[in-house]
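> The structure follows.
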Amino acid sequence: MNIVLIGMRGSGKTTVAKMLSKKLKKEIIETDDLIAQKAGMAIADVVKNHGWEYFRDLESEVIADVSKKDNIIISCGGGVVTRAENIKALKRNGKLFWLQAGVNTLVNRIGDDSNRPSLTGKKSGRKDLQEVLKQRYELYKNAADEIIETENISAEKVMEIIVSKNTQGGVAVPPLRWKLNAKTTICCIIGDPVEHSLSPIMHNAGYIALGLNFAFVAFHVKDLKSATAGVRALNIRGAVVTVPHKIEVLQYVDVIDEEALAIGAANTIVNDNGVLTASNTDWIGAITTLKKETTISGKKVVVLGAGGAARAVIYGLKREGARIIICNRTLDHAKKIAQEFSLEGAYQLDEKEKIASADIIINTTSVGMTPQENEMPIPSEFIKPHHVVYDIVYTPKET
């Protein structure tokens with residue numbers, strides 16, 4: 001995702017962009033420099049010879065090109081906000097930071113420069129800046145994902161603010177491109193723990209891309225019965241259900257769809273005017289990604305764990321014709337699932353020969369997830385070179 005700096009000349013975009021580039025080791029692009037290169041002359045000469053409209057056309061062409069790049073820093077000319085197409089292009093893969101400053105600060109930084117091309121016909125650089133800022137204020141405000149007041153802080157501090165606002169736990173945060181209001185529809189994820197979840201980042205990015213007035217939040221839930229009642233009472237449109245609630249949640253909904261019923265667990269609740277319907281899409285995600293790496297039909301698969309995620313994975317594996325055994329710390333839980341799904345066997349996690357003889361090993365436990373990232377559900381010597389190993393834990397990226 002790109003970091004995009006917008007604001008009036010004198011707001012510090014170039015200085016801050018250079019600092020960001022050095023700190024984050026990212027390429028920096030100044031759109032005015034590209035316009036000058038494209039025109040083969042200085043900006044002042046472009047405006048003098050061809051007029052502002054021609055300059056804006058070149059600017060839009062440049063913006064369209066640089067917006068296709070990824071993981072760069074873009075320092076935009078002050079007038080980039082005057083065309084909606086520019087902002088739309090920049091927002092496709094960028095977070096926009098408005099570096100805001102008043103006229104006095106802008107003049108103090110760049111001087112009362114009457115040699116620059118005037119945008120308003122004013123002879124004084126100060127008056128020109130004042131009029132332009134007045135015209136563009138709402139455009140900047142509406143375009144910005146984040147507004148940073150630069151009046152009384154250093155460029156280094158501005159840079160630090162941008163870095164902190166652009167990451168969350170080391171993960172790039174999609175920009176907030178909509179305004180929450182009384183009509184915003186709320187969705188959520190409920191789990192224990194839930195702080196590691198990437199669902200808010202992914203879902204909010206999806207809402208933005210689709211132009212939906214939705215927001216997605218994470219709730220750390222221990223009292224599942226009350227939380228499910230809250231989904232209904234607060235008219236929350238939908239909820240993702242994660243560990244350890246995927247099985248228990250079936251007790252508190254009104255309708256269980258065919259797949260969730262067969263699996264005996266749900267990862268999704270949809271609220272239709274107070275009627276809560278439970279579904280399960282876990283198996284689709286697991287099997288779709290596994291099939292990209294290997295064939296499943298006829299393969300011997302060891303599933304580690306006996307919770308809601310294990311049930312979903314086993315359901316999907318059965319549909320694909322796999323031969324399945326289940327291994328779990330608590331043998332009784334494994335035996336119950338083996339009986340329900342007619343599996344080939346149920347064992348504890350120390351069954352080295354059974355695990356080693358399989359074609360595929362799938363970990364559906366939470367072992368390996370932050371803060372247990374240095375732990376494994378089975379000893380490493382159980383895993384052989386011929387194994388396809390699939391871990392449903394995604395935090396950290398490599399378990």
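A note on labels: chains of the structure tokens are A, B, ... as shown, every chain counts residues from 1, and ligands are counted from 1 in their shown order.
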Any idea what's packed within 6 Å of region 339-350 of chain A, counting only C-alpha atoms, ignoring anything in its chain fewer than 3 positions away? Could you give it as a ChimeraX atom specification?
/A:324-329,331,334-336
> Take the selection from the previous step and output its residues with N, CA, C and O atoms, as a JSON list (two decimals), in the first residue's frame.

```json
[["chain", "number", "residue", "atom", "x", "y", "z"],
["A", 324, "ILE", "N", -9.08, -40.31, 6.46],
["A", 324, "ILE", "CA", -8.78, -39.37, 7.55],
["A", 324, "ILE", "C", -8.64, -40.08, 8.89],
["A", 324, "ILE", "O", -9.47, -40.92, 9.24],
["A", 325, "ILE", "N", -7.58, -39.70, 9.63],
["A", 325, "ILE", "CA", -7.51, -40.02, 11.04],
["A", 325, "ILE", "C", -7.39, -38.71, 11.80],
["A", 325, "ILE", "O", -6.96, -37.70, 11.25],
["A", 326, "ILE", "N", -7.79, -38.72, 13.06],
["A", 326, "ILE", "CA", -7.75, -37.51, 13.87],
["A", 326, "ILE", "C", -6.91, -37.76, 15.11],
["A", 326, "ILE", "O", -7.01, -38.83, 15.74],
["A", 327, "CYS", "N", -6.07, -36.81, 15.45],
["A", 327, "CYS", "CA", -5.22, -36.90, 16.64],
["A", 327, "CYS", "C", -5.47, -35.67, 17.51],
["A", 327, "CYS", "O", -5.49, -34.54, 17.01],
["A", 328, "ASN", "N", -5.65, -35.90, 18.79],
["A", 328, "ASN", "CA", -5.96, -34.79, 19.69],
["A", 328, "ASN", "C", -5.38, -35.06, 21.07],
["A", 328, "ASN", "O", -5.19, -36.23, 21.47],
["A", 329, "ARG", "N", -5.10, -34.00, 21.79],
["A", 329, "ARG", "CA", -4.57, -34.13, 23.14],
["A", 329, "ARG", "C", -5.53, -34.93, 24.02],
["A", 329, "ARG", "O", -5.12, -35.81, 24.78],
["A", 331, "LEU", "N", -8.19, -37.68, 24.01],
["A", 331, "LEU", "CA", -8.59, -38.76, 23.11],
["A", 331, "LEU", "C", -10.10, -38.89, 22.98],
["A", 331, "LEU", "O", -10.62, -39.17, 21.89],
["A", 334, "ALA", "N", -11.45, -36.72, 20.30],
["A", 334, "ALA", "CA", -11.09, -37.24, 18.98],
["A", 334, "ALA", "C", -11.98, -38.41, 18.60],
["A", 334, "ALA", "O", -12.45, -38.52, 17.45],
["A", 335, "LYS", "N", -12.23, -39.32, 19.54],
["A", 335, "LYS", "CA", -13.08, -40.48, 19.27],
["A", 335, "LYS", "C", -14.50, -40.06, 18.91],
["A", 335, "LYS", "O", -15.13, -40.67, 18.03],
["A", 336, "LYS", "N", -15.00, -39.04, 19.56],
["A", 336, "LYS", "CA", -16.36, -38.56, 19.27],
["A", 336, "LYS", "C", -16.47, -38.09, 17.83],
["A", 336, "LYS", "O", -17.42, -38.44, 17.12]]
```
> Within region 251-367 of chain A, find each residue whose DSSP state, derived from the backbone, is helix (DSSP H, G or I), and express the selection as a ChimeraX atom specification.
/A:251-252,258-263,282-291,308-319,331-341,352-356
> Quick one: residues within 8 Å of region 302-308 of chain A, only C-alpha atoms, excluding same-chain residues fewer than 2 positions away - as a ChimeraX atom specification?
/A:243-247,264-266,300,310-312,314,324-329,333-334,337,349,355,358,360-365,377
> Quick one: residues within 8 Å of region 26-40 of chain A, only C-alpha atoms counted, chain neighbours fewer than 4 positions away excluded, as a PyMOL selection string?
chain A and resi 14+17-18+20-22+46+55+58-59+62-63+66+71-77
> Output N, CA and C atoms of each residue in that selection to a file, as a short mmCIF file (atom, residue, chain, number, x, y, z; two decimals), in the first residue's frame.

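Final file, part.cif:
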```
data_model
loop_
_atom_site.label_atom_id
_atom_site.label_comp_id
_atom_site.auth_asym_id
_atom_site.auth_seq_id
_atom_site.Cartn_x
_atom_site.Cartn_y
_atom_site.Cartn_z
N THR A 14 7.44 17.45 0.59
CA THR A 14 8.71 16.97 0.05
C THR A 14 9.66 16.56 1.16
N ALA A 17 8.33 13.42 2.85
CA ALA A 17 8.45 12.27 1.94
C ALA A 17 9.87 11.73 1.94
N LYS A 18 10.86 12.61 1.94
CA LYS A 18 12.25 12.17 1.95
C LYS A 18 12.59 11.44 3.24
N LEU A 20 10.42 9.81 5.15
CA LEU A 20 9.73 8.53 5.10
C LEU A 20 10.47 7.54 4.22
N SER A 21 10.94 8.03 3.09
CA SER A 21 11.67 7.18 2.14
C SER A 21 12.92 6.58 2.80
N LYS A 22 13.63 7.41 3.55
CA LYS A 22 14.85 6.95 4.21
C LYS A 22 14.54 5.95 5.32
N VAL A 46 5.20 25.31 -18.24
CA VAL A 46 4.02 24.55 -18.69
C VAL A 46 2.77 25.42 -18.58
N PHE A 55 -1.93 21.65 -17.70
CA PHE A 55 -1.15 21.13 -16.57
C PHE A 55 -1.95 20.08 -15.81
N LEU A 58 -2.04 16.78 -17.63
CA LEU A 58 -0.79 16.04 -17.44
C LEU A 58 -0.73 15.43 -16.04
N GLU A 59 -1.18 16.19 -15.07
CA GLU A 59 -1.17 15.71 -13.69
C GLU A 59 -2.03 14.46 -13.54
N VAL A 62 -0.22 11.47 -14.95
CA VAL A 62 0.84 11.04 -14.05
C VAL A 62 0.25 10.28 -12.86
N ILE A 63 -0.82 10.81 -12.28
CA ILE A 63 -1.46 10.16 -11.13
C ILE A 63 -1.96 8.78 -11.51
N VAL A 66 1.26 6.48 -11.58
CA VAL A 66 1.93 6.18 -10.31
C VAL A 66 1.02 5.39 -9.36
N ASN A 71 3.57 0.08 -2.71
CA ASN A 71 4.57 0.20 -1.64
C ASN A 71 5.56 1.34 -1.90
N ILE A 72 5.02 2.49 -2.35
CA ILE A 72 5.85 3.66 -2.60
C ILE A 72 5.29 4.85 -1.82
N ILE A 73 6.06 5.93 -1.82
CA ILE A 73 5.61 7.19 -1.21
C ILE A 73 5.37 8.18 -2.34
N ILE A 74 4.19 8.76 -2.38
CA ILE A 74 3.82 9.69 -3.43
C ILE A 74 3.59 11.06 -2.81
N SER A 75 4.37 12.05 -3.25
CA SER A 75 4.19 13.43 -2.82
C SER A 75 3.50 14.18 -3.95
N CYS A 76 2.27 14.62 -3.71
CA CYS A 76 1.43 15.19 -4.76
C CYS A 76 1.51 16.71 -4.79
N GLY A 77 1.26 17.25 -5.96
CA GLY A 77 1.11 18.69 -6.09
C GLY A 77 -0.12 19.17 -5.35
#
```
> Per DSSP on the backbone, filter region 97-334 of chain A down to the residues in strand (DSSP E) and report them as JSON, numbers by chain.
{"A": [97, 98, 99, 100, 146, 147, 148, 149, 167, 168, 171, 172, 185, 186, 187, 188, 189, 190, 191, 214, 215, 216, 217, 218, 219, 220, 238, 239, 240, 241, 255, 256, 268, 269, 270, 271, 272, 275, 276, 277, 278, 279, 300, 301, 302, 303, 304, 323, 324, 325, 326, 327]}
> With C-alpha atoms retained, write the just-selected residues as a compact mmCIF listing (two decimals), in the first residue's frame.

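Just written: again_0.txt:
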```txt
# COMPACT_ATOMS: atom_id res chain seq x y z
CA PHE A 97 -2.33 12.03 4.54
CA TRP A 98 -3.24 15.72 4.43
CA LEU A 99 -0.40 17.81 5.84
CA GLN A 100 -2.37 20.81 7.04
CA GLU A 146 -5.70 11.10 7.96
CA ILE A 147 -5.24 14.80 8.75
CA ILE A 148 -1.97 15.88 10.36
CA GLU A 149 -1.66 19.40 11.71
CA THR A 167 0.77 0.27 10.60
CA GLN A 168 -1.08 -1.82 13.15
CA VAL A 171 0.31 -4.93 9.29
CA ALA A 172 -0.49 -2.14 6.86
CA THR A 185 -24.15 -1.09 9.36
CA ILE A 186 -22.00 -2.93 11.90
CA CYS A 187 -20.45 -6.38 11.55
CA CYS A 188 -18.00 -8.03 13.92
CA ILE A 189 -15.83 -10.96 14.90
CA ILE A 190 -16.26 -12.63 18.29
CA GLY A 191 -13.60 -14.82 19.86
CA PHE A 214 -20.41 -0.82 6.72
CA ALA A 215 -17.85 -1.10 9.52
CA PHE A 216 -16.24 -4.22 10.98
CA VAL A 217 -14.99 -4.46 14.57
CA ALA A 218 -13.50 -7.14 16.85
CA PHE A 219 -15.06 -8.14 20.20
CA HIS A 220 -13.18 -10.15 22.81
CA GLY A 238 -23.37 -10.31 10.89
CA ALA A 239 -20.66 -11.90 13.02
CA VAL A 240 -17.61 -14.00 12.30
CA VAL A 241 -17.23 -16.63 15.02
CA VAL A 255 -31.46 -21.31 12.21
CA ILE A 256 -28.53 -23.61 11.38
CA THR A 268 -20.64 -17.13 10.54
CA ILE A 269 -23.86 -15.61 11.87
CA VAL A 270 -26.16 -13.54 9.67
CA ASN A 271 -28.83 -11.41 11.33
CA ASP A 272 -31.98 -10.94 9.24
CA VAL A 275 -33.38 -14.00 13.06
CA LEU A 276 -29.86 -15.40 13.50
CA THR A 277 -28.69 -17.97 10.94
CA ALA A 278 -25.47 -19.91 11.48
CA SER A 279 -23.31 -21.04 8.54
CA LYS A 300 -4.26 -40.27 3.96
CA VAL A 301 -4.72 -37.14 6.05
CA VAL A 302 -3.97 -36.59 9.73
CA VAL A 303 -6.02 -33.82 11.32
CA LEU A 304 -4.57 -32.42 14.53
CA ARG A 323 -8.86 -41.08 4.15
CA ILE A 324 -8.78 -39.37 7.55
CA ILE A 325 -7.51 -40.02 11.04
CA ILE A 326 -7.75 -37.51 13.87
CA CYS A 327 -5.22 -36.90 16.64
```
> Grab the CA of Glu156 (chain A) to CA of Leu5 (chain A) distance for me, in Å with one decimal place.
14.5 Å
> Kindly give the distance, in Å, that separates CA of Ser67 (chain A) and CA of Ala84 (chain A), rounded to a single decimal.
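These two atoms are separated by 13.9 Å.
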> Show me, as a ChimeraX atom specification, the residues that have an atom within 8 Å of Ala143 (chain A) when counting only C-alpha atoms, minus same-chain residues fewer than 6 positions from it.
/A:81,87,96
> My list of candidates is A:Val313, A:Met8, A:Met41, A:Val107. Which is closest to Ile287 (chain A) when distances are computed with only C-alpha atoms?
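Closest to Ile287 (chain A), using only C-alpha atoms: A:Val313.
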